[in-house]
>>> print(open('model_25.cif').read())   # mmCIF, C-alpha atoms
data_structure
loop_
_atom_site.label_atom_id
_atom_site.label_comp_id
_atom_site.auth_asym_id
_atom_site.auth_seq_id
_atom_site.Cartn_x
_atom_site.Cartn_y
_atom_site.Cartn_z
CA MET A 1 158.01 -89.01 -29.12
CA PRO A 2 159.21 -91.83 -26.82
CA ARG A 3 155.87 -92.60 -25.20
CA GLN A 4 153.77 -92.40 -28.35
CA LYS A 5 156.21 -94.81 -30.00
CA PHE A 6 156.04 -97.11 -26.97
CA ILE A 7 152.24 -97.23 -26.92
CA THR A 8 152.26 -98.03 -30.64
CA GLN A 9 154.78 -100.82 -30.06
CA LEU A 10 152.55 -102.43 -27.43
CA ALA A 11 150.33 -103.54 -30.31
CA ASP A 12 153.00 -106.15 -31.08
CA VAL A 13 152.61 -107.58 -27.57
CA TYR A 14 148.82 -107.69 -27.90
CA GLU A 15 149.16 -109.51 -31.25
CA LEU A 16 151.09 -112.31 -29.55
CA LEU A 17 148.43 -112.54 -26.86
CA ASP A 18 145.63 -112.54 -29.44
CA LEU A 19 147.30 -115.42 -31.25
CA ALA A 20 147.71 -117.33 -27.99
CA ASP A 21 144.02 -116.83 -27.21
CA ALA A 22 143.05 -118.00 -30.70
CA LEU A 23 145.08 -121.17 -30.24
CA THR A 24 143.63 -121.75 -26.78
CA ILE A 25 140.04 -121.70 -28.01
CA ARG A 26 140.95 -123.65 -31.17
CA HIS A 27 139.99 -120.98 -33.65
CA PRO A 28 138.18 -122.53 -36.66
CA SER A 29 141.07 -121.65 -38.96
CA LEU A 30 143.33 -123.86 -36.84
CA THR A 31 141.14 -126.97 -36.58
CA TYR A 32 143.29 -128.89 -39.04
CA PHE A 33 146.01 -129.22 -36.36
CA PRO A 34 145.63 -132.75 -34.96
CA HIS A 35 146.99 -131.95 -31.51
CA ARG A 36 146.65 -129.21 -28.95
CA ILE A 37 149.22 -126.48 -29.58
CA SER A 38 151.18 -125.06 -26.65
CA VAL A 39 150.73 -121.32 -26.23
CA ASN A 40 153.51 -121.09 -23.64
CA PRO A 41 156.12 -119.77 -26.11
CA LEU A 42 153.71 -117.03 -27.20
CA LEU A 43 152.95 -115.96 -23.64
CA ALA A 44 156.63 -116.01 -22.71
CA GLY A 45 157.46 -114.03 -25.84
CA ALA A 46 154.82 -111.44 -24.97
CA VAL A 47 156.37 -110.83 -21.54
CA VAL A 48 159.92 -110.61 -22.91
CA LEU A 49 158.80 -108.26 -25.69
CA LEU A 50 156.88 -106.08 -23.22
CA CYS A 51 160.00 -105.63 -21.08
CA ALA A 52 162.20 -104.96 -24.12
CA ARG A 53 159.83 -102.25 -25.34
CA PHE A 54 159.70 -100.70 -21.86
CA GLU A 55 163.50 -100.76 -21.64
CA GLU A 56 163.70 -98.84 -24.90
CA PHE A 57 161.07 -96.38 -23.67
CA ILE A 58 162.75 -95.50 -20.38
CA LYS A 59 166.08 -94.81 -22.11
CA SER A 60 164.41 -92.71 -24.81
CA ALA A 61 162.33 -90.77 -22.28
CA VAL A 62 165.37 -89.80 -20.19
CA THR A 63 167.29 -88.82 -23.34
CA TYR A 64 164.34 -86.67 -24.40
CA ALA A 65 164.26 -84.98 -20.98
CA PHE A 66 167.92 -84.01 -21.30
CA GLU A 67 167.30 -82.68 -24.81
CA GLN A 68 164.56 -80.41 -23.46
CA HIS A 69 167.10 -78.65 -21.21
CA ALA A 70 169.00 -77.56 -24.32
CA LYS A 71 165.79 -76.33 -25.97
CA ALA A 72 164.85 -74.00 -23.12
CA VAL A 73 165.15 -70.27 -23.86
CA PRO A 74 167.93 -69.38 -23.19
CA PRO A 75 169.33 -72.94 -23.26
CA LEU A 76 170.32 -74.56 -19.98
CA GLN A 77 173.90 -75.77 -19.66
CA LEU A 78 175.61 -78.34 -17.50
CA GLN A 79 176.76 -75.77 -14.95
CA ASP A 80 173.13 -74.68 -14.42
CA LEU A 81 172.27 -78.05 -12.92
CA SER A 82 172.75 -78.78 -9.24
CA GLU A 83 176.22 -79.96 -8.26
CA ASP A 84 174.81 -83.36 -7.27
CA VAL A 85 173.28 -83.86 -10.71
CA GLN A 86 176.40 -82.62 -12.49
CA VAL A 87 178.59 -85.05 -10.54
CA ARG A 88 176.19 -87.92 -11.23
CA ILE A 89 176.11 -87.23 -14.98
CA VAL A 90 179.88 -86.81 -15.30
CA HIS A 91 180.70 -89.78 -13.07
CA GLN A 92 178.31 -92.23 -14.71
CA SER A 93 179.17 -91.06 -18.22
CA LEU A 94 182.91 -91.49 -17.72
CA ASN A 95 182.41 -94.84 -16.00
CA ALA A 96 180.43 -96.05 -19.01
CA ALA A 97 183.01 -94.67 -21.45
CA LEU A 98 185.85 -96.45 -19.67
CA GLN A 99 184.15 -99.85 -19.37
CA PRO A 100 186.58 -102.58 -20.53
CA THR A 101 183.66 -104.56 -21.99
CA ARG A 102 180.31 -103.52 -23.41
CA TYR A 103 177.51 -106.00 -24.11
CA GLY A 104 179.99 -108.77 -23.41
CA VAL A 105 182.47 -107.59 -26.05
CA ARG A 106 185.99 -106.53 -25.09
CA ARG A 107 186.73 -102.89 -25.93
CA PRO A 108 190.21 -101.75 -27.00
CA ASN A 109 191.83 -99.02 -24.90
CA SER A 110 191.81 -96.69 -27.90
CA ASP A 111 187.98 -96.78 -28.00
CA ARG A 112 187.74 -96.21 -24.26
CA LEU A 113 190.07 -93.22 -24.44
CA GLN A 114 188.31 -91.75 -27.47
CA ASP A 115 184.91 -92.01 -25.80
CA SER A 116 186.32 -90.33 -22.68
CA PHE A 117 187.86 -87.49 -24.70
CA ASP A 118 184.59 -86.96 -26.60
CA ILE A 119 182.65 -86.77 -23.34
CA ALA A 120 185.18 -84.36 -21.82
CA LYS A 121 184.84 -82.03 -24.82
CA ARG A 122 181.06 -82.00 -24.46
CA PHE A 123 181.21 -81.27 -20.75
CA LEU A 124 183.84 -78.52 -21.19
CA ALA A 125 181.52 -76.94 -23.76
CA GLY A 126 178.78 -76.97 -21.11
CA ASN A 127 176.57 -79.51 -22.90
CA ILE A 128 173.99 -81.45 -20.91
CA TRP A 129 174.60 -84.88 -22.38
CA ALA A 130 174.48 -88.32 -20.80
CA ASP A 131 173.98 -90.85 -23.59
CA HIS A 132 176.67 -93.20 -22.24
CA ALA A 133 175.18 -93.03 -18.74
CA ILE A 134 171.63 -93.79 -19.90
CA ASP A 135 172.03 -97.54 -19.68
CA THR A 136 169.70 -100.16 -18.25
CA GLY A 137 172.19 -103.00 -18.22
CA GLY A 138 169.48 -105.10 -19.84
CA ASN A 139 167.28 -104.86 -16.75
CA PRO A 140 164.54 -102.19 -16.89
CA GLY A 141 163.42 -102.93 -13.32
CA PRO A 142 162.53 -100.62 -10.41
CA GLU A 143 166.15 -99.82 -9.50
CA THR A 144 166.95 -98.89 -13.11
CA VAL A 145 163.90 -96.62 -13.31
CA LYS A 146 164.91 -94.92 -10.07
CA ASN A 147 168.52 -94.42 -11.15
CA LEU A 148 167.71 -93.08 -14.60
CA LEU A 149 165.18 -90.57 -13.26
CA LYS A 150 167.68 -89.60 -10.57
CA LEU A 151 170.18 -88.87 -13.35
CA VAL A 152 167.80 -86.14 -14.52
CA GLY A 153 167.38 -84.89 -10.94
CA VAL A 154 164.19 -86.63 -9.77
CA THR A 155 165.26 -87.56 -6.25
CA ASP A 156 162.49 -89.95 -5.18
CA ALA A 157 161.06 -91.44 -8.34
CA TRP A 158 158.99 -94.22 -6.79
CA ALA A 159 157.31 -91.95 -4.27
CA ALA A 160 156.29 -89.70 -7.16
CA LEU A 161 155.18 -92.67 -9.27
CA GLN A 162 153.14 -94.05 -6.37
CA ALA A 163 151.40 -90.69 -6.06
CA GLU A 164 150.63 -90.70 -9.79
CA CYS A 165 149.31 -94.25 -9.53
CA ASN A 166 147.07 -93.35 -6.59
CA LYS A 167 145.57 -90.43 -8.53
CA ASN A 168 145.41 -91.71 -12.06
CA TYR A 169 145.47 -95.52 -12.29
CA VAL A 170 142.52 -96.89 -14.24
CA PRO A 171 141.98 -100.67 -13.82
CA PRO A 172 141.55 -102.38 -17.18
CA SER A 173 138.36 -104.26 -17.97
CA ILE A 174 139.56 -107.85 -18.34
CA THR A 175 137.23 -110.79 -17.87
CA GLY A 176 138.05 -112.71 -14.70
CA LEU A 177 140.41 -110.08 -13.30
CA ASN A 178 137.94 -107.50 -12.06
CA LEU A 179 139.11 -107.86 -8.46
CA MET A 180 142.84 -107.86 -9.23
CA GLN A 181 144.76 -105.10 -7.42
CA VAL A 182 147.73 -103.36 -9.00
CA GLY A 183 149.43 -102.71 -5.64
CA HIS A 184 152.56 -100.56 -5.44
CA PRO A 185 153.78 -99.78 -8.98
CA LYS A 186 157.36 -100.52 -7.91
CA ASP A 187 156.41 -104.02 -6.75
CA ARG A 188 154.28 -104.62 -9.84
CA LEU A 189 157.14 -103.78 -12.17
CA ALA A 190 159.52 -105.93 -10.12
CA GLU A 191 157.19 -108.93 -10.51
CA ILE A 192 156.93 -108.42 -14.28
CA ILE A 193 160.72 -108.26 -14.58
CA LYS A 194 161.02 -111.36 -12.39
CA VAL A 195 158.78 -113.32 -14.76
CA ARG A 196 160.69 -112.00 -17.76
CA ASN A 197 164.04 -113.02 -16.27
CA SER A 198 162.71 -116.45 -15.40
CA VAL A 199 161.55 -117.28 -18.92
CA ALA A 200 164.36 -115.44 -20.75
CA HIS A 201 167.34 -116.71 -18.75
CA SER A 202 166.28 -120.11 -17.48
CA GLY A 203 163.66 -121.16 -20.01
CA ALA A 204 161.17 -121.74 -17.20
CA HIS A 205 157.54 -122.46 -18.03
CA ILE A 206 155.53 -119.27 -17.70
CA THR A 207 152.71 -119.49 -15.18
CA SER A 208 150.98 -116.20 -16.05
CA SER A 209 147.78 -116.45 -18.06
CA SER A 210 147.03 -114.39 -21.15
CA ALA A 211 144.62 -112.29 -19.08
CA GLU A 212 147.24 -111.60 -16.41
CA ILE A 213 149.78 -110.56 -19.02
CA ARG A 214 147.21 -108.23 -20.60
CA TYR A 215 146.74 -106.68 -17.17
CA ASP A 216 150.49 -106.09 -16.93
CA VAL A 217 150.71 -104.67 -20.46
CA ASP A 218 148.02 -102.16 -19.54
CA PHE A 219 149.83 -101.31 -16.29
CA VAL A 220 153.18 -100.72 -18.01
CA GLY A 221 151.42 -98.53 -20.56
CA GLN A 222 150.03 -96.38 -17.75
CA LEU A 223 153.37 -96.42 -15.92
CA SER A 224 155.08 -94.99 -19.00
CA GLY A 225 152.64 -92.05 -18.91
CA TRP A 226 153.42 -91.31 -15.26
CA ILE A 227 157.16 -91.42 -15.95
CA TYR A 228 156.73 -89.02 -18.86
CA ASP A 229 154.62 -86.63 -16.76
CA ILE A 230 157.11 -86.64 -13.88
CA LEU A 231 160.04 -85.94 -16.21
CA GLN A 232 158.14 -83.16 -17.93
CA LYS A 233 157.15 -81.45 -14.68
CA HIS A 234 160.65 -81.72 -13.25
CA VAL A 235 162.36 -80.33 -16.36
CA GLU A 236 159.82 -77.53 -16.84
CA ASP A 237 159.92 -76.52 -13.17
CA PHE A 238 163.71 -76.52 -13.21
CA ALA A 239 163.82 -74.28 -16.30
CA LEU A 240 161.42 -71.82 -14.67
CA SER A 241 163.48 -71.80 -11.47
CA LYS A 242 166.47 -70.70 -13.56
CA GLY A 243 164.55 -67.91 -15.30
CA ARG A 244 164.20 -69.82 -18.58
CA THR A 245 161.23 -70.41 -20.80
CA PRO A 246 160.74 -74.20 -20.80
CA ALA A 247 160.85 -76.12 -24.06
CA VAL A 248 157.53 -77.30 -25.43
CA TRP A 249 157.02 -81.00 -24.73
CA ARG A 250 155.17 -83.16 -27.20
CA PRO A 251 151.79 -84.52 -26.04
CA ARG A 252 152.08 -87.68 -24.01
#
>>> encode(input="model_25.cif", output="structure tokens")
Amino acid sequence: MPRQKFITQLADVYELLDLADALTIRHPSLTYFPHRISVNPLLAGAVVLLCARFEEFIKSAVTYAFEQHAKAVPPLQLQDLSEDVQVRIVHQSLNAALQPTRYGVRRPNSDRLQDSFDIAKRFLAGNIWADHAIDTGGNPGPETVKNLLKLVGVTDAWAALQAECNKNYVPPSITGLNLMQVGHPKDRLAEIIKVRNSVAHSGAHITSSSAEIRYDVDFVGQLSGWIYDILQKHVEDFALSKGRTPAVWRPR
């Protein structure tokens, strides 16, 4: 399950933060180091890893949502979706298939044509499939989240996520950050991605503390749950509206 895997993977981020904290307080096992050790690389790595794990989650969650359409009884097919969603899936899938470069590598025309033919066969068979279109471009920020949920048919993702945040957000208990406000989830995610881009692309010194990063890790963990819940409700409601029995979703 995408979210269960994501929550498990967050342990790797916490391990980096735990090590940074141990170095900061000069853990007894590290007293043989003659000089103060910089924890900046560990904090920067924690932010980059957090965003990478979230990027993987959002792609996996949207893929899982599409798979649930096919598991409804009777299965839903491409033509059962709204025309807007069908056009979006077909358009973005073919655009991705025909890209002259992917991940910075030039693609031969034969590969581009073959991908396009494979997609056309799937769509002509009525399959709901959008693997090529489920792409973050290496930036799992607010716009990417909105566009990927829109691909499934969620028209106003951030309004729905704000509502989930208002109802369900639980502030973490972190010493020194008791008064910190999460704000709008869209803005919070944008700030996290901004920090990630700064340290990953320019090598800038990270200014966030270990405690602040822990706050953001907790927030992204909760955000993943809201995304999962919104996708589940949308897909289940859509199946019911078409007279289908919705597929059983795995626990969040």
>>> atom_distance(input="model_25.cif", atom1="CA of Ile128 in chain A", atom2="CA of Leu78 in chain A")
4.9 Å
>>> closest_atom_pairs(input="model_25.cif", of="range 31-117 of chain A", to="range 11-25 of chain A", cutoff="6 Å", atoms="all atoms listed in the file", output="Markdown table")
| residue | atom | partner | partner_atom | distance |
| --- | --- | --- | --- | --- |
| A:Val39 | CA | A:Ala20 | CA | 5.3 |
| A:Leu42 | CA | A:Leu16 | CA | 5.9 |
| A:Ala46 | CA | A:Val13 | CA | 5.2 |
>>> residues_around(input="model_25.cif", residues="range 220-222 of chain A", least_positions_apart="6", cutoff="12 Å", atoms="all atoms listed in the file", output="JSON, numbers by chain")
{"A": [3, 4, 5, 6, 7, 8, 9, 10, 11, 13, 47, 50, 51, 52, 53, 54, 55, 57, 58, 140, 141, 161, 164, 165, 166, 167, 168, 169, 170, 171, 172, 182, 185, 186, 188, 189, 190, 191, 192, 193, 213, 214, 228, 229, 252]}
>>> closest_atom_pairs(input="model_25.cif", of="range 47-140 of chain A", to="range 235-249 of chain A", cutoff="12 Å", atoms="only C-alpha atoms", output="Markdown table")
| residue | atom | partner | partner_atom | distance |
| --- | --- | --- | --- | --- |
| A:Ala61 | CA | A:Trp249 | CA | 11.4 |
| A:Val62 | CA | A:Val235 | CA | 10.6 |
| A:Tyr64 | CA | A:Trp249 | CA | 9.3 |
| A:Ala65 | CA | A:Val235 | CA | 6.8 |
| A:Phe66 | CA | A:Val235 | CA | 8.3 |
| A:Glu67 | CA | A:Ala247 | CA | 9.2 |
| A:Gln68 | CA | A:Ala247 | CA | 5.7 |
| A:His69 | CA | A:Val235 | CA | 7.0 |
| A:Ala70 | CA | A:Ala247 | CA | 8.3 |
| A:Lys71 | CA | A:Ala247 | CA | 5.3 |
| A:Ala72 | CA | A:Ala247 | CA | 4.6 |
| A:Val73 | CA | A:Thr245 | CA | 5.0 |
| A:Pro74 | CA | A:Arg244 | CA | 5.9 |
| A:Pro75 | CA | A:Arg244 | CA | 7.6 |
| A:Leu76 | CA | A:Ala239 | CA | 7.5 |
| A:Gln77 | CA | A:Ala239 | CA | 10.7 |
| A:Gln79 | CA | A:Lys242 | CA | 11.6 |
| A:Asp80 | CA | A:Lys242 | CA | 7.8 |
| A:Leu81 | CA | A:Phe238 | CA | 8.7 |
| A:Ser82 | CA | A:Phe238 | CA | 10.1 |
>>> closest_residue(input="model_25.cif", among="A:Leu223, A:His132, A:Ser110, A:Gly126", to="Ala163 in chain A", atoms="only C-alpha atoms")
A:Leu223
>>> axis_aligned_box(input="model_25.cif", around="range 143-162 of chain A", padding_each_side="6 Å", output="lines of an AutoDock Vina configuration file")
center_x = 161.7
center_y = -92.4
center_z = -9.4
size_x = 29.0
size_y = 26.9
size_z = 22.3
>>> atom_distance(input="model_25.cif", atom1="CA of Leu148 in chain A", atom2="CA of Ile230 in chain A")
12.4 Å
>>> residues_around(input="model_25.cif", residues="Ala157 in chain A", least_positions_apart="3", cutoff="6 Å", atoms="all atoms listed in the file", output="PyMOL selection string")
chain A and resi 146+154+160
>>> decode(input="model_25.cif", residues="range 68-80 of chain A", atoms="all heavy atoms", output="mmCIF file, in the first residue's frame")
data_model
loop_
_atom_site.group_PDB
_atom_site.id
_atom_site.type_symbol
_atom_site.label_atom_id
_atom_site.label_comp_id
_atom_site.auth_asym_id
_atom_site.auth_seq_id
_atom_site.Cartn_x
_atom_site.Cartn_y
_atom_site.Cartn_z
ATOM 1 N N GLN A 68 -7.851 0.907 -8.788
ATOM 2 C CA GLN A 68 -9.101 0.584 -8.111
ATOM 3 C C GLN A 68 -10.304 0.700 -9.047
ATOM 4 O O GLN A 68 -11.307 0.019 -8.856
ATOM 5 C CB GLN A 68 -9.289 1.480 -6.880
ATOM 6 C CG GLN A 68 -8.212 1.308 -5.821
ATOM 7 C CD GLN A 68 -8.034 -0.133 -5.394
ATOM 8 O OE1 GLN A 68 -7.224 -0.867 -5.958
ATOM 9 N NE2 GLN A 68 -8.798 -0.559 -4.420
ATOM 10 N N HIS A 69 -10.223 1.562 -10.066
ATOM 11 C CA HIS A 69 -11.299 1.640 -11.055
ATOM 12 C C HIS A 69 -11.485 0.282 -11.730
ATOM 13 O O HIS A 69 -12.605 -0.182 -11.932
ATOM 14 C CB HIS A 69 -10.963 2.683 -12.122
ATOM 15 C CG HIS A 69 -11.255 4.094 -11.712
ATOM 16 N ND1 HIS A 69 -12.396 4.455 -11.029
ATOM 17 C CD2 HIS A 69 -10.566 5.250 -11.929
ATOM 18 C CE1 HIS A 69 -12.401 5.774 -10.827
ATOM 19 N NE2 HIS A 69 -11.302 6.267 -11.354
ATOM 20 N N ALA A 70 -10.372 -0.349 -12.084
ATOM 21 C CA ALA A 70 -10.434 -1.626 -12.795
ATOM 22 C C ALA A 70 -10.889 -2.773 -11.901
ATOM 23 O O ALA A 70 -11.319 -3.819 -12.400
ATOM 24 C CB ALA A 70 -9.071 -1.959 -13.401
ATOM 25 N N LYS A 71 -10.805 -2.568 -10.574
ATOM 26 C CA LYS A 71 -11.194 -3.620 -9.631
ATOM 27 C C LYS A 71 -12.630 -3.468 -9.141
ATOM 28 O O LYS A 71 -13.107 -4.283 -8.336
ATOM 29 C CB LYS A 71 -10.240 -3.622 -8.437
ATOM 30 C CG LYS A 71 -8.814 -4.026 -8.800
ATOM 31 C CD LYS A 71 -7.899 -3.968 -7.594
ATOM 32 C CE LYS A 71 -6.465 -4.327 -7.974
ATOM 33 N NZ LYS A 71 -5.540 -4.222 -6.816
ATOM 34 N N ALA A 72 -13.316 -2.418 -9.614
ATOM 35 C CA ALA A 72 -14.737 -2.284 -9.271
ATOM 36 C C ALA A 72 -15.510 -3.424 -9.922
ATOM 37 O O ALA A 72 -15.028 -4.076 -10.850
ATOM 38 C CB ALA A 72 -15.265 -0.940 -9.748
ATOM 39 N N VAL A 73 -16.715 -3.687 -9.439
ATOM 40 C CA VAL A 73 -17.534 -4.770 -9.990
ATOM 41 C C VAL A 73 -18.855 -4.209 -10.510
ATOM 42 O O VAL A 73 -19.639 -3.685 -9.722
ATOM 43 C CB VAL A 73 -17.809 -5.841 -8.913
ATOM 44 C CG1 VAL A 73 -18.613 -6.991 -9.507
ATOM 45 C CG2 VAL A 73 -16.499 -6.359 -8.318
ATOM 46 N N PRO A 74 -19.104 -4.292 -11.841
ATOM 47 C CA PRO A 74 -18.175 -4.665 -12.912
ATOM 48 C C PRO A 74 -17.085 -3.594 -13.056
ATOM 49 O O PRO A 74 -17.277 -2.456 -12.619
ATOM 50 C CB PRO A 74 -19.062 -4.720 -14.163
ATOM 51 C CG PRO A 74 -20.467 -4.669 -13.690
ATOM 52 C CD PRO A 74 -20.458 -3.987 -12.367
ATOM 53 N N PRO A 75 -15.972 -3.946 -13.705
ATOM 54 C CA PRO A 75 -14.863 -2.986 -13.821
ATOM 55 C C PRO A 75 -15.273 -1.723 -14.571
ATOM 56 O O PRO A 75 -16.079 -1.769 -15.503
ATOM 57 C CB PRO A 75 -13.810 -3.766 -14.612
ATOM 58 C CG PRO A 75 -14.151 -5.199 -14.405
ATOM 59 C CD PRO A 75 -15.644 -5.246 -14.296
ATOM 60 N N LEU A 76 -14.706 -0.599 -14.155
ATOM 61 C CA LEU A 76 -14.902 0.652 -14.881
ATOM 62 C C LEU A 76 -13.901 0.717 -16.024
ATOM 63 O O LEU A 76 -12.770 0.254 -15.902
ATOM 64 C CB LEU A 76 -14.695 1.844 -13.945
ATOM 65 C CG LEU A 76 -15.795 2.074 -12.908
ATOM 66 C CD1 LEU A 76 -15.274 2.894 -11.744
ATOM 67 C CD2 LEU A 76 -16.989 2.756 -13.552
ATOM 68 N N GLN A 77 -14.325 1.311 -17.136
ATOM 69 C CA GLN A 77 -13.447 1.472 -18.283
ATOM 70 C C GLN A 77 -13.279 2.945 -18.610
ATOM 71 O O GLN A 77 -13.980 3.803 -18.064
ATOM 72 C CB GLN A 77 -13.996 0.709 -19.490
ATOM 73 C CG GLN A 77 -13.966 -0.805 -19.305
ATOM 74 C CD GLN A 77 -14.211 -1.534 -20.606
ATOM 75 O OE1 GLN A 77 -15.222 -1.337 -21.265
ATOM 76 N NE2 GLN A 77 -13.252 -2.396 -20.986
ATOM 77 N N LEU A 78 -12.346 3.219 -19.509
ATOM 78 C CA LEU A 78 -12.011 4.596 -19.833
ATOM 79 C C LEU A 78 -13.238 5.397 -20.234
ATOM 80 O O LEU A 78 -13.411 6.542 -19.812
ATOM 81 C CB LEU A 78 -10.966 4.625 -20.956
ATOM 82 C CG LEU A 78 -10.437 6.004 -21.348
ATOM 83 C CD1 LEU A 78 -9.647 6.630 -20.201
ATOM 84 C CD2 LEU A 78 -9.548 5.906 -22.584
ATOM 85 N N GLN A 79 -14.111 4.794 -21.036
ATOM 86 C CA GLN A 79 -15.283 5.534 -21.530
ATOM 87 C C GLN A 79 -16.305 5.825 -20.433
ATOM 88 O O GLN A 79 -17.225 6.629 -20.645
ATOM 89 C CB GLN A 79 -15.953 4.782 -22.681
ATOM 90 C CG GLN A 79 -16.396 3.371 -22.356
ATOM 91 C CD GLN A 79 -15.356 2.337 -22.730
ATOM 92 O OE1 GLN A 79 -14.165 2.623 -22.708
ATOM 93 N NE2 GLN A 79 -15.800 1.135 -23.091
ATOM 94 N N ASP A 80 -16.146 5.206 -19.262
ATOM 95 C CA ASP A 80 -17.052 5.501 -18.146
ATOM 96 C C ASP A 80 -16.681 6.810 -17.448
ATOM 97 O O ASP A 80 -17.516 7.400 -16.757
ATOM 98 C CB ASP A 80 -17.012 4.368 -17.109
ATOM 99 C CG ASP A 80 -17.588 3.066 -17.639
ATOM 100 O OD1 ASP A 80 -18.664 3.111 -18.255
ATOM 101 O OD2 ASP A 80 -16.944 2.014 -17.450
#
